[in-house]
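As provided, model_30.tsv (TSV, C-alpha atoms and all ligand atoms) reads as follows.
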```tsv
chain	number	residue	atom	x	y	z
A	8	MET	CA	0.00	0.00	0.00
A	9	LEU	CA	1.45	3.36	-1.03
A	10	THR	CA	1.15	6.19	1.45
A	11	ARG	CA	1.24	9.97	1.23
A	12	VAL	CA	2.14	12.36	4.02
A	13	ASN	CA	-0.40	14.94	5.17
A	14	PRO	CA	1.57	18.19	4.74
A	15	LYS	CA	-0.33	19.83	7.62
A	16	ASN	CA	0.28	17.34	10.39
A	17	GLY	CA	2.68	14.64	9.12
A	18	ASP	CA	0.10	11.81	9.23
A	19	GLN	CA	1.22	9.04	6.90
A	20	LEU	CA	-2.00	7.99	5.22
A	21	SER	CA	-2.76	5.12	2.85
A	22	ILE	CA	-3.59	6.53	-0.58
A	23	LEU	CA	-6.70	4.31	-0.49
A	24	GLY	CA	-9.30	5.26	2.10
A	25	PHE	CA	-12.21	3.00	2.99
A	26	GLY	CA	-15.55	4.76	2.43
A	27	CYS	CA	-18.13	3.22	4.74
A	28	MET	CA	-21.24	4.36	2.86
A	29	ARG	CA	-21.64	1.28	0.67
A	30	LEU	CA	-20.93	-1.58	3.06
A	31	PRO	CA	-22.27	-5.03	2.10
A	32	THR	CA	-25.94	-5.45	3.06
A	33	LYS	CA	-28.24	-8.28	4.03
A	34	ASN	CA	-31.94	-8.24	5.04
A	35	MET	CA	-32.19	-4.44	4.52
A	36	GLY	CA	-29.28	-3.76	6.89
A	37	ILE	CA	-25.49	-3.99	6.94
A	38	ASP	CA	-24.14	-7.53	6.60
A	39	GLU	CA	-22.19	-7.11	9.81
A	40	SER	CA	-19.79	-10.04	9.82
A	41	ARG	CA	-18.92	-9.55	6.15
A	42	ALA	CA	-18.43	-5.79	6.53
A	43	ILE	CA	-16.19	-6.27	9.56
A	44	ALA	CA	-14.14	-8.88	7.67
A	45	LEU	CA	-13.71	-6.42	4.75
A	46	ILE	CA	-12.54	-3.70	7.13
A	47	HIS	CA	-10.07	-6.02	8.87
A	48	ASP	CA	-8.76	-7.24	5.53
A	49	ALA	CA	-8.24	-3.63	4.38
A	50	ILE	CA	-6.36	-2.75	7.59
A	51	LYS	CA	-4.15	-5.82	7.28
A	52	ASN	CA	-3.28	-4.66	3.77
A	53	GLY	CA	-2.31	-1.16	4.89
A	54	VAL	CA	-5.52	0.92	4.64
A	55	ASN	CA	-5.47	3.34	7.57
A	56	TYR	CA	-8.12	5.96	6.69
A	57	PHE	CA	-11.80	5.15	7.28
A	58	ASP	CA	-14.51	7.58	6.26
A	59	THR	CA	-18.07	7.47	7.56
A	60	ALA	CA	-20.86	9.96	8.35
A	61	TYR	CA	-23.71	10.48	10.79
A	62	PHE	CA	-26.38	9.29	8.38
A	63	TYR	CA	-24.61	6.63	6.25
A	64	HIS	CA	-26.59	3.39	6.32
A	65	LYS	CA	-29.27	5.25	8.33
A	66	GLY	CA	-26.83	5.83	11.16
A	67	LYS	CA	-25.56	2.25	11.29
A	68	SER	CA	-22.27	2.84	9.44
A	69	GLU	CA	-20.62	4.63	12.37
A	70	SER	CA	-21.74	1.91	14.80
A	71	LEU	CA	-20.43	-0.83	12.52
A	72	LEU	CA	-17.08	0.90	12.12
A	73	GLY	CA	-16.83	1.38	15.89
A	74	LYS	CA	-17.46	-2.33	16.40
A	75	ALA	CA	-14.99	-3.34	13.67
A	76	LEU	CA	-12.23	-1.27	15.27
A	77	LEU	CA	-12.43	-2.97	18.67
A	78	GLY	CA	-9.56	-5.19	19.70
A	79	GLY	CA	-6.66	-2.90	18.90
A	80	TYR	CA	-7.62	-1.77	15.38
A	81	ARG	CA	-8.70	1.74	16.46
A	82	GLU	CA	-5.14	2.77	17.25
A	83	GLN	CA	-3.94	1.65	13.80
A	84	VAL	CA	-6.28	3.89	11.79
A	85	LYS	CA	-7.66	7.40	11.35
A	86	ILE	CA	-11.41	7.88	11.59
A	87	ALA	CA	-13.13	10.55	9.51
A	88	THR	CA	-16.77	11.34	10.17
A	89	LYS	CA	-19.09	14.22	9.43
A	90	LEU	CA	-21.50	16.64	11.05
A	91	PRO	CA	-24.68	17.09	8.99
A	92	PRO	CA	-25.28	20.88	8.72
A	93	PHE	CA	-28.65	20.23	7.07
A	94	GLN	CA	-29.88	18.77	10.38
A	95	LEU	CA	-28.86	21.78	12.43
A	96	SER	CA	-30.84	24.85	13.34
A	97	LYS	CA	-29.07	25.40	16.68
A	98	LEU	CA	-25.73	24.52	18.25
A	99	ASP	CA	-27.15	22.13	20.85
A	100	GLN	CA	-28.21	19.77	18.05
A	101	ALA	CA	-24.59	19.62	16.83
A	102	LYS	CA	-23.36	18.82	20.33
A	103	LYS	CA	-25.88	16.04	20.69
A	104	ILE	CA	-24.98	14.56	17.31
A	105	PHE	CA	-21.26	14.66	18.12
A	106	ALA	CA	-21.80	12.88	21.46
A	107	THR	CA	-23.78	10.17	19.62
A	108	GLN	CA	-21.00	9.80	17.06
A	109	LEU	CA	-18.33	9.23	19.75
A	110	GLU	CA	-20.59	6.65	21.34
A	111	ARG	CA	-21.32	4.87	18.05
A	112	LEU	CA	-17.66	4.87	17.06
A	113	ARG	CA	-16.59	3.71	20.56
A	114	THR	CA	-13.84	6.28	20.67
A	115	ASP	CA	-13.08	9.46	22.59
A	116	TYR	CA	-11.59	11.37	19.65
A	117	ILE	CA	-12.18	11.87	15.93
A	118	ASP	CA	-9.13	12.24	13.71
A	119	TYR	CA	-10.75	14.00	10.77
A	120	TYR	CA	-14.09	15.78	11.37
A	121	LEU	CA	-15.96	17.32	8.47
A	122	LEU	CA	-18.87	19.65	7.92
A	123	HIS	CA	-20.83	17.38	5.63
A	124	MET	CA	-21.75	18.47	2.12
A	125	LEU	CA	-21.21	22.21	2.13
A	126	THR	CA	-22.54	23.65	-1.11
A	127	ASP	CA	-22.28	27.42	-0.66
A	128	LYS	CA	-20.40	30.05	1.32
A	129	ALA	CA	-23.65	31.41	2.72
A	130	GLY	CA	-24.30	27.95	4.19
A	131	PHE	CA	-20.90	28.02	5.86
A	132	ASP	CA	-21.65	31.52	7.21
A	133	ARG	CA	-24.89	30.17	8.67
A	134	LEU	CA	-22.89	27.57	10.63
A	135	ILE	CA	-20.50	30.25	11.88
A	136	GLY	CA	-23.56	32.20	13.01
A	137	LEU	CA	-24.80	29.16	14.97
A	138	GLY	CA	-21.42	29.02	16.76
A	139	VAL	CA	-20.41	25.70	15.15
A	140	MET	CA	-16.85	26.70	14.19
A	141	GLU	CA	-16.08	28.18	17.61
A	142	TRP	CA	-17.36	25.00	19.25
A	143	LEU	CA	-15.30	22.78	16.88
A	144	GLU	CA	-12.18	24.84	17.62
A	145	GLY	CA	-12.79	24.20	21.34
A	146	LEU	CA	-13.00	20.44	20.67
A	147	LYS	CA	-9.80	20.61	18.66
A	148	ALA	CA	-8.01	22.54	21.42
A	149	GLU	CA	-8.92	19.81	23.95
A	150	GLY	CA	-7.92	17.03	21.48
A	151	THR	CA	-11.37	15.55	20.91
A	152	ILE	CA	-11.10	16.48	17.24
A	153	LYS	CA	-7.70	16.40	15.56
A	154	ASN	CA	-8.49	18.03	12.20
A	155	ILE	CA	-11.38	20.23	11.04
A	156	GLY	CA	-12.48	20.03	7.41
A	157	PHE	CA	-15.46	20.04	5.07
A	158	SER	CA	-16.83	17.94	2.27
A	159	PHE	CA	-18.08	19.79	-0.75
A	160	HIS	CA	-20.70	19.46	-3.48
A	161	GLY	CA	-21.33	22.77	-5.20
A	162	SER	CA	-19.92	25.06	-7.85
A	163	LYS	CA	-16.31	26.02	-8.43
A	164	ALA	CA	-16.96	29.62	-7.33
A	165	GLU	CA	-18.53	28.50	-4.04
A	166	PHE	CA	-15.65	26.10	-3.39
A	167	GLU	CA	-13.17	28.93	-3.87
A	168	SER	CA	-15.12	31.12	-1.44
A	169	ILE	CA	-15.30	28.43	1.24
A	170	VAL	CA	-11.75	27.08	0.96
A	171	THR	CA	-10.28	30.58	1.30
A	172	ALA	CA	-12.62	31.63	4.13
A	173	TYR	CA	-11.15	29.56	6.96
A	174	PRO	CA	-7.81	27.94	7.93
A	175	TRP	CA	-9.05	24.42	7.14
A	176	ASP	CA	-7.00	21.38	8.14
A	177	PHE	CA	-8.30	19.48	5.09
A	178	CYS	CA	-11.15	19.29	2.62
A	179	GLN	CA	-12.95	16.59	0.66
A	180	ILE	CA	-14.12	16.97	-2.93
A	181	GLN	CA	-15.73	14.90	-5.66
A	182	TYR	CA	-13.11	14.36	-8.33
A	183	ASN	CA	-12.63	11.90	-11.18
A	184	TYR	CA	-11.86	12.07	-14.89
A	185	MET	CA	-15.50	12.93	-15.64
A	186	ASP	CA	-15.60	15.70	-13.02
A	187	GLU	CA	-12.38	17.49	-13.85
A	188	ASN	CA	-14.48	20.57	-14.68
A	189	ASN	CA	-17.43	19.96	-12.36
A	190	GLN	CA	-18.05	20.94	-8.73
A	191	ALA	CA	-14.74	22.00	-7.09
A	192	THR	CA	-12.93	21.24	-10.39
A	193	LYS	CA	-9.23	20.74	-11.00
A	194	SER	CA	-8.56	24.43	-10.35
A	195	GLY	CA	-10.20	24.00	-6.92
A	196	LEU	CA	-7.92	21.05	-6.20
A	197	LEU	CA	-4.89	23.11	-7.18
A	198	LEU	CA	-6.11	26.09	-5.17
A	199	ALA	CA	-6.50	23.99	-2.01
A	200	ALA	CA	-3.04	22.51	-2.56
A	201	SER	CA	-1.53	25.97	-3.05
A	202	LEU	CA	-3.04	26.97	0.30
A	203	GLY	CA	-1.47	23.90	1.92
A	204	ILE	CA	-4.89	22.32	2.52
A	205	PRO	CA	-4.78	18.53	2.01
A	206	VAL	CA	-7.46	17.15	-0.31
A	207	ILE	CA	-9.35	13.90	0.18
A	208	VAL	CA	-11.14	12.72	-2.95
A	209	MET	CA	-14.55	11.06	-2.90
A	210	GLU	CA	-16.61	9.46	-5.66
A	211	PRO	CA	-13.56	8.38	-7.72
A	212	LEU	CA	-15.82	6.05	-9.71
A	213	ARG	CA	-18.94	8.23	-9.52
A	214	GLY	CA	-20.67	5.72	-7.26
A	215	GLY	CA	-19.50	2.87	-9.52
A	216	LYS	CA	-20.97	4.40	-12.70
A	217	LEU	CA	-17.50	4.77	-14.25
A	218	VAL	CA	-17.36	0.99	-14.10
A	219	THR	CA	-20.92	-0.18	-14.70
A	220	HIS	CA	-22.42	2.51	-16.95
A	221	LEU	CA	-19.62	3.35	-19.37
A	222	PRO	CA	-20.63	3.49	-23.05
A	223	ALA	CA	-19.21	0.54	-25.03
A	224	GLN	CA	-17.04	2.86	-27.16
A	225	VAL	CA	-15.31	4.14	-24.01
A	226	LYS	CA	-14.68	0.61	-22.72
A	227	LYS	CA	-13.21	-0.29	-26.10
A	228	THR	CA	-10.87	2.71	-26.00
A	229	PHE	CA	-9.55	1.56	-22.63
A	230	THR	CA	-9.16	-2.09	-23.62
A	231	ASN	CA	-7.54	-1.21	-26.96
A	232	TYR	CA	-4.68	0.28	-24.98
A	233	ASP	CA	-4.48	-2.40	-22.29
A	234	ALA	CA	-6.84	-5.37	-22.31
A	235	GLU	CA	-5.91	-6.29	-18.73
A	236	ARG	CA	-6.64	-2.94	-17.07
A	237	SER	CA	-10.19	-2.51	-15.73
A	238	PRO	CA	-12.21	0.75	-16.01
A	239	ALA	CA	-11.86	1.05	-12.20
A	240	GLU	CA	-8.08	0.93	-12.46
A	241	TRP	CA	-8.06	3.56	-15.21
A	242	ALA	CA	-10.27	5.85	-13.11
A	243	LEU	CA	-8.29	5.41	-9.87
A	244	ARG	CA	-4.91	5.75	-11.57
A	245	TRP	CA	-6.08	9.04	-13.11
A	246	ILE	CA	-6.81	10.50	-9.66
A	247	TRP	CA	-3.70	9.16	-7.95
A	248	ASP	CA	-1.65	10.62	-10.77
A	249	HIS	CA	-2.38	14.01	-9.12
A	250	SER	CA	0.26	14.66	-6.45
A	251	GLU	CA	-2.12	17.18	-4.82
A	252	VAL	CA	-4.48	14.37	-3.76
A	253	LEU	CA	-3.80	12.90	-0.31
A	254	VAL	CA	-6.31	10.03	-0.06
A	255	VAL	CA	-8.88	8.59	-2.47
A	256	LEU	CA	-11.97	7.17	-0.80
A	257	SER	CA	-13.62	4.14	-2.28
A	258	GLY	CA	-16.96	2.90	-0.97
A	259	MET	CA	-16.14	-0.80	-1.08
A	260	SER	CA	-18.95	-3.35	-0.94
A	261	ASP	CA	-17.34	-6.69	-1.57
A	262	GLU	CA	-14.15	-8.73	-1.32
A	263	ALA	CA	-13.26	-8.37	-5.00
A	264	GLN	CA	-13.42	-4.55	-4.85
A	265	VAL	CA	-11.23	-4.46	-1.74
A	266	ALA	CA	-8.68	-6.78	-3.34
A	267	GLU	CA	-8.60	-4.86	-6.64
A	268	ASN	CA	-8.33	-1.43	-5.00
A	269	ILE	CA	-5.54	-2.61	-2.70
A	270	ARG	CA	-3.67	-4.05	-5.67
A	271	ILE	CA	-3.95	-0.78	-7.63
A	272	ALA	CA	-3.02	1.32	-4.59
A	273	GLY	CA	0.21	-0.66	-4.37
A	274	HIS	CA	1.64	0.90	-7.53
A	275	ALA	CA	-0.37	4.05	-8.42
A	276	LYS	CA	2.28	6.69	-7.89
A	277	ALA	CA	1.75	10.40	-8.59
A	278	ASN	CA	2.80	11.60	-12.07
A	279	SER	CA	3.25	8.01	-13.24
A	280	LEU	CA	0.86	7.97	-16.20
A	281	SER	CA	2.66	8.17	-19.53
A	282	PRO	CA	1.75	10.71	-22.25
A	283	GLU	CA	0.18	7.80	-24.18
A	284	GLU	CA	-1.97	6.83	-21.19
A	285	LEU	CA	-3.04	10.43	-20.64
A	286	ASN	CA	-3.97	10.54	-24.31
A	287	VAL	CA	-6.37	7.62	-23.73
A	288	PHE	CA	-8.28	9.85	-21.28
A	289	LYS	CA	-8.39	12.61	-23.91
A	290	GLN	CA	-10.00	10.18	-26.36
A	291	VAL	CA	-12.45	8.96	-23.71
A	292	LYS	CA	-13.49	12.48	-22.80
A	293	LYS	CA	-13.97	13.33	-26.47
A	294	ILE	CA	-16.30	10.35	-26.90
A	295	LEU	CA	-18.26	11.28	-23.79
A	296	GLN	CA	-18.45	14.92	-24.89
A	297	GLU	CA	-19.82	13.90	-28.30
A	298	LYS	CA	-22.51	11.83	-26.61
A	299	THR	CA	-23.81	14.61	-24.39
A	300	ILE	CA	-27.22	16.10	-25.17
A	301	ILE	CA	-26.31	19.66	-24.16
A	302	PRO	CA	-22.81	20.34	-25.52
A	303	CYS	CA	-21.64	22.25	-22.43
A	304	THR	CA	-17.91	21.96	-21.79
A	305	ALA	CA	-18.16	23.56	-18.31
A	306	CYS	CA	-15.86	26.37	-19.43
A	307	GLY	CA	-17.72	28.76	-17.12
A	308	TYR	CA	-17.69	31.76	-19.52
A	309	CYS	CA	-21.43	32.21	-18.96
A	310	MET	CA	-20.99	32.63	-15.20
A	311	PRO	CA	-21.88	34.24	-12.88
A	312	CYS	CA	-25.61	34.32	-13.52
A	313	PRO	CA	-27.31	37.29	-11.82
A	314	SER	CA	-30.11	34.94	-10.68
A	315	GLY	CA	-27.61	32.54	-9.11
A	316	VAL	CA	-28.08	29.60	-11.50
A	317	ASP	CA	-25.10	27.22	-11.65
A	318	ILE	CA	-25.43	26.84	-15.41
A	319	PRO	CA	-22.69	24.22	-16.05
A	320	GLY	CA	-23.72	22.33	-12.89
A	321	CYS	CA	-27.34	22.06	-14.12
A	322	PHE	CA	-26.24	20.89	-17.57
A	323	SER	CA	-23.80	18.36	-16.13
A	324	CYS	CA	-26.52	16.61	-14.12
A	325	TYR	CA	-28.90	16.62	-17.07
A	326	ASN	CA	-26.30	15.17	-19.43
A	327	ASP	CA	-25.38	12.44	-16.96
A	328	LYS	CA	-28.96	11.31	-16.75
A	329	TYR	CA	-28.79	10.17	-20.37
A	330	LEU	CA	-25.09	9.53	-20.92
A	331	MET	CA	-24.52	7.34	-17.88
A	332	GLU	CA	-28.13	6.16	-17.39
A	333	ASP	CA	-27.56	7.44	-13.88
A	334	LYS	CA	-30.77	6.97	-11.86
A	335	SER	CA	-29.31	8.76	-8.83
A	336	VAL	CA	-28.70	11.91	-10.82
A	337	ARG	CA	-31.85	13.64	-9.60
A	338	PHE	CA	-30.65	13.28	-6.03
A	339	ARG	CA	-27.25	14.65	-7.07
A	340	TYR	CA	-28.99	17.55	-8.82
A	341	LEU	CA	-30.90	18.45	-5.64
A	342	GLN	CA	-27.80	17.93	-3.51
A	343	THR	CA	-25.32	19.93	-5.56
A	344	LEU	CA	-27.63	22.64	-6.86
A	345	GLY	CA	-28.82	23.53	-3.43
A	346	ALA	CA	-31.84	21.87	-1.79
A	347	THR	CA	-30.10	22.67	1.51
A	348	SER	CA	-28.02	25.69	0.43
A	349	VAL	CA	-28.70	29.18	1.68
A	350	LYS	CA	-28.36	30.32	-1.93
A	351	PRO	CA	-29.59	27.56	-4.27
A	352	ALA	CA	-28.54	27.48	-7.91
A	353	PHE	CA	-31.40	25.60	-9.61
A	354	ALA	CA	-32.28	25.82	-13.31
A	355	SER	CA	-35.75	27.08	-12.33
A	356	GLN	CA	-34.19	30.31	-11.03
A	357	CYS	CA	-33.42	31.39	-14.61
A	358	ILE	CA	-35.44	34.49	-15.54
A	359	ALA	CA	-34.38	34.32	-19.20
A	360	CYS	CA	-32.58	37.66	-19.09
A	361	GLY	CA	-30.28	36.40	-21.84
A	362	LYS	CA	-27.09	37.90	-20.34
A	363	CYS	CA	-25.20	34.59	-20.41
A	364	GLU	CA	-25.93	33.43	-23.93
A	365	SER	CA	-23.62	35.73	-25.89
A	366	HIS	CA	-20.68	34.42	-23.78
A	367	CYS	CA	-21.19	30.76	-24.63
A	368	PRO	CA	-18.61	29.48	-27.14
A	369	GLN	CA	-20.86	26.47	-27.80
A	370	GLN	CA	-23.74	28.80	-28.71
A	371	ILE	CA	-26.11	26.95	-26.40
A	372	ALA	CA	-29.59	28.44	-26.02
A	373	ILE	CA	-28.97	28.49	-22.28
A	374	SER	CA	-32.31	29.74	-20.92
A	375	GLU	CA	-34.27	27.37	-23.18
A	376	LYS	CA	-32.16	24.41	-22.10
A	377	LEU	CA	-32.42	25.40	-18.42
A	378	ASN	CA	-36.18	25.36	-18.77
A	379	MET	CA	-35.93	21.79	-20.06
A	380	VAL	CA	-33.58	20.84	-17.19
A	381	SER	CA	-35.89	22.40	-14.61
A	382	LYS	CA	-38.91	20.45	-15.86
A	383	GLU	CA	-37.06	17.12	-15.73
A	384	MET	CA	-35.02	17.56	-12.58
A	385	GLU	CA	-37.28	19.59	-10.32
A	386	GLY	CA	-40.73	18.31	-11.35
A	387	GLY	CA	-43.05	15.84	-9.62
A	388	ILE	CA	-42.38	15.08	-5.97
A	389	TYR	CA	-39.08	16.95	-5.96
A	390	LYS	CA	-40.47	20.45	-5.43
A	391	PRO	CA	-42.15	19.42	-2.12
A	392	ILE	CA	-38.96	17.61	-1.03
A	393	ILE	CA	-36.93	20.78	-1.59
A	394	TRP	CA	-39.56	22.81	0.28
A	395	ILE	CA	-39.53	20.46	3.31
A	396	ALA	CA	-35.71	20.37	3.50
A	397	ARG	CA	-35.49	24.16	3.36
A	398	LYS	CA	-38.32	24.65	5.86
A	399	PHE	CA	-36.54	22.36	8.35
A	400	MET	CA	-33.31	24.34	8.02
A	401	LYS	CA	-35.22	27.61	8.27
A	402	LEU	CA	-33.97	28.62	4.82
A	403	LYS	CA	-35.95	30.92	2.54
A	501	LIG	S1	-30.60	33.76	-19.03
A	501	LIG	FE1	-31.00	32.67	-17.15
A	501	LIG	S2	-29.11	31.59	-16.72
A	501	LIG	FE2	-28.61	33.18	-18.23
A	501	LIG	S3	-27.90	34.90	-16.98
A	501	LIG	FE3	-30.09	35.20	-17.33
A	501	LIG	S4	-31.08	34.27	-15.54
A	501	LIG	FE4	-28.97	33.51	-15.60
A	502	LIG	S1	-20.43	29.16	-21.56
A	502	LIG	FE1	-21.60	27.53	-22.56
A	502	LIG	S2	-20.18	25.78	-22.62
A	502	LIG	FE2	-19.34	27.25	-21.15
A	502	LIG	S3	-20.20	26.59	-19.15
A	502	LIG	FE3	-21.61	28.12	-19.96
A	502	LIG	S4	-23.15	26.90	-21.05
A	502	LIG	FE4	-21.39	25.57	-20.74
```
Now, as a test, write the supplied structure out as structure tokens.
Ligand code: SF4
Ligand code: SF4
Amino acid sequence: MLTRVNPKNGDQLSILGFGCMRLPTKNMGIDESRAIALIHDAIKNGVNYFDTAYFYHKGKSESLLGKALLGGYREQVKIATKLPPFQLSKLDQAKKIFATQLERLRTDYIDYYLLHMLTDKAGFDRLIGLGVMEWLEGLKAEGTIKNIGFSFHGSKAEFESIVTAYPWDFCQIQYNYMDENNQATKSGLLLAASLGIPVIVMEPLRGGKLVTHLPAQVKKTFTNYDAERSPAEWALRWIWDHSEVLVVLSGMSDEAQVAENIRIAGHAKANSLSPEELNVFKQVKKILQEKTIIPCTACGYCMPCPSGVDIPGCFSCYNDKYLMEDKSVRFRYLQTLGATSVKPAFASQCIACGKCESHCPQQIAISEKLNMVSKEMEGGIYKPIIWIARKFMKLK
């Protein structure tokens, strides 16, 4: 297992982190003995970073991890878990959640503690207003939390605002060869690195879609170069090729995934892909681009929108729905475009002012396409869901 050193605190972390959001299941719950065996196997093979969250597996992921780490394993690993801002309207709720997390994880400290799923700077400001950061700093000073960070799903501009607004110990972003220009983007990764903020990467395989839902032409492009290398290996190698990435989280669900990821993490050094291999990704991206319904390249020239619409973010979700046959894309749309953000960025916010359209090099009829996106992604039961989430968080 290759390791990389956290530049902030010297922690030597395995480049592969175990994401505990997709543990093996049985009878509608976690398959406990199998999940524990997977975790033990990963530790024995050098994985020392375990990522969970308050609500993964309906709250059972933290408890399972706590149980798996009994018997001397806890001391060998770093635990990362997350505070759900969308469940907070006052500080006492955060304190209660944190106490529950320590209890579930059977530990008296958390190594890496994240604000879960920040999407906008205004949302971060709301947490500061509730006193969350001051309280976390107190926990860090007493050693109950070792590192304070955030996980992010939002636009590039919002990432830049958040990452520069606080002396973070680390951050976590979605990053893979399909998302080089989405969410935090590559420039966000480089910005965090330039600030000395370590970056943990999540969704390296887009929830498995970069393995299971790839168009045949893309698979052929990969296998033409190397028939032995799986789509998962191509995707992981692409991320680990970035020296700015500290750990890549993989939500592993079975023995074969654990074995394959450990094997790849044994040789995936930074800057090790050859020009020919990098060219394979260029070809793959070209194929995917040609297959997209809205030909948005996420260049960002149309931004910012005076109504707050994340134009490339909306188009990315819409395109994925058809390109990757991604059934979870509606959830991702609501998540990243702001169901729980102080300032959402939905397609429906477009007032058709037309200001963006002259800037688009692809000559996309942006407002017309946003109208189409809005109907498909925000229709049906989704409007009430957004309303309930925002009401709970006391957001307008
Ligand atoms: S047309 Fe719509 S998306 Fe474009 S700038 Fe105006 S409000 Fe924003
Ligand atoms: S300018 Fe056009 S291609 Fe670029 S992000 Fe905006 S819509 Fe997409």
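Excluding A:Cys312 itself and same-chain residues fewer than 2 positions from it, the residues having an atom within 10 Å of it are Cys309, Met310, Ser314, Gly315, Val316, Asp317, Ile318, Ala352, Gln356, Cys357, Cys360, Gly361, Lys362 and Cys363 of chain A, counting only C-alpha atoms.
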Selection: 6 Å around A:Pro31, all atoms listed in the file, excl. self and same-chain fewer than 6 positions, as a ChimeraX atom specification
/A:37-38,42,260
Residues within 7 Å of ligand LIG 502 (chain A), counting only C-alpha atoms and all ligand atoms, as a VMD selection string
chain A and resid 302 to 310 318 to 319 366 to 371 373
Neighbours of A:Leu377 within 9 Å (all atoms listed in the file; same-chain residues fewer than 5 positions away dropped), as a compact mmCIF listing (two decimals) with C-alpha atoms, in the frame of the given file?
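Writing the result to part_30.txt gives the following:
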```txt
# COMPACT_ATOMS: atom_id res chain seq x y z
CA ILE A 318 -25.43 26.84 -15.41
CA CYS A 321 -27.34 22.06 -14.12
CA PHE A 322 -26.24 20.89 -17.57
CA PHE A 353 -31.40 25.60 -9.61
CA ALA A 354 -32.28 25.82 -13.31
CA SER A 355 -35.75 27.08 -12.33
CA CYS A 357 -33.42 31.39 -14.61
CA ALA A 372 -29.59 28.44 -26.02
CA LYS A 382 -38.91 20.45 -15.86
```
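Taking atom CA of A:Glu385 and atom CA of A:Tyr325 as endpoints, the distance between them is 11.2 Å.
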Which residues come within 9 Å of A:Arg111, counting all atoms listed in the file, excluding same-chain residues fewer than 5 positions away, as a ChimeraX atom specification?
/A:66-74,106
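Taking atom CA of A:Gln224 and atom CA of A:Ile294 as the two end points, the separation is 7.5 Å.
Here the question is which of A:Pro282, A:Gly320, A:Gly150, A:Gly17 gets nearest to ligand LIG 501 (chain A) using all atoms listed in the file, and that residue is A:Gly320.
Interatomic distance, atom CA of A:Leu122 against atom CA of A:Gln179: 9.9 Å.
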Using all atoms listed in the file, which residues of stretch 30-89 of chain A come within 12 Å of stretch 124-129 of chain A, and what is the closest atom pair for each, with the distance in Å to one decimal? Give it as a Markdown table, sorted by chain and residue number.
```
| residue | atom | partner | partner_atom | distance |
| --- | --- | --- | --- | --- |
| A:Ala60 | CA | A:Met124 | CA | 10.6 |
| A:Tyr61 | CA | A:Met124 | CA | 12.0 |
| A:Thr88 | CA | A:Met124 | CA | 11.9 |
| A:Lys89 | CA | A:Met124 | CA | 8.9 |
```
Could you write stretch 42-53 of chain A of the block just shown to a file containing N, CA and C atoms, as a short mmCIF file (atom, residue, chain, number, x, y, z; two decimals), in the first residue's frame?
```
data_model
loop_
_atom_site.label_atom_id
_atom_site.label_comp_id
_atom_site.auth_asym_id
_atom_site.auth_seq_id
_atom_site.Cartn_x
_atom_site.Cartn_y
_atom_site.Cartn_z
N ALA A 42 -19.00 -7.14 6.55
CA ALA A 42 -18.43 -5.79 6.53
C ALA A 42 -17.22 -5.70 7.45
N ILE A 43 -17.31 -6.31 8.61
CA ILE A 43 -16.19 -6.27 9.56
C ILE A 43 -14.98 -7.00 8.95
N ALA A 44 -15.25 -8.13 8.30
CA ALA A 44 -14.14 -8.88 7.67
C ALA A 44 -13.47 -8.03 6.58
N LEU A 45 -14.28 -7.28 5.80
CA LEU A 45 -13.71 -6.42 4.75
C LEU A 45 -12.81 -5.34 5.37
N ILE A 46 -13.30 -4.76 6.47
CA ILE A 46 -12.54 -3.70 7.13
C ILE A 46 -11.23 -4.25 7.68
N HIS A 47 -11.30 -5.41 8.32
CA HIS A 47 -10.07 -6.02 8.87
C HIS A 47 -9.09 -6.37 7.75
N ASP A 48 -9.62 -6.89 6.65
CA ASP A 48 -8.76 -7.24 5.53
C ASP A 48 -8.06 -5.99 4.99
N ALA A 49 -8.83 -4.89 4.88
CA ALA A 49 -8.24 -3.63 4.38
C ALA A 49 -7.13 -3.15 5.32
N ILE A 50 -7.38 -3.22 6.63
CA ILE A 50 -6.36 -2.75 7.59
C ILE A 50 -5.10 -3.62 7.47
N LYS A 51 -5.32 -4.92 7.38
CA LYS A 51 -4.15 -5.82 7.28
C LYS A 51 -3.33 -5.52 6.02
N ASN A 52 -3.99 -4.98 5.01
CA ASN A 52 -3.28 -4.66 3.77
C ASN A 52 -2.87 -3.19 3.70
N GLY A 53 -2.90 -2.50 4.83
CA GLY A 53 -2.31 -1.16 4.89
C GLY A 53 -3.27 0.01 4.83
#
```
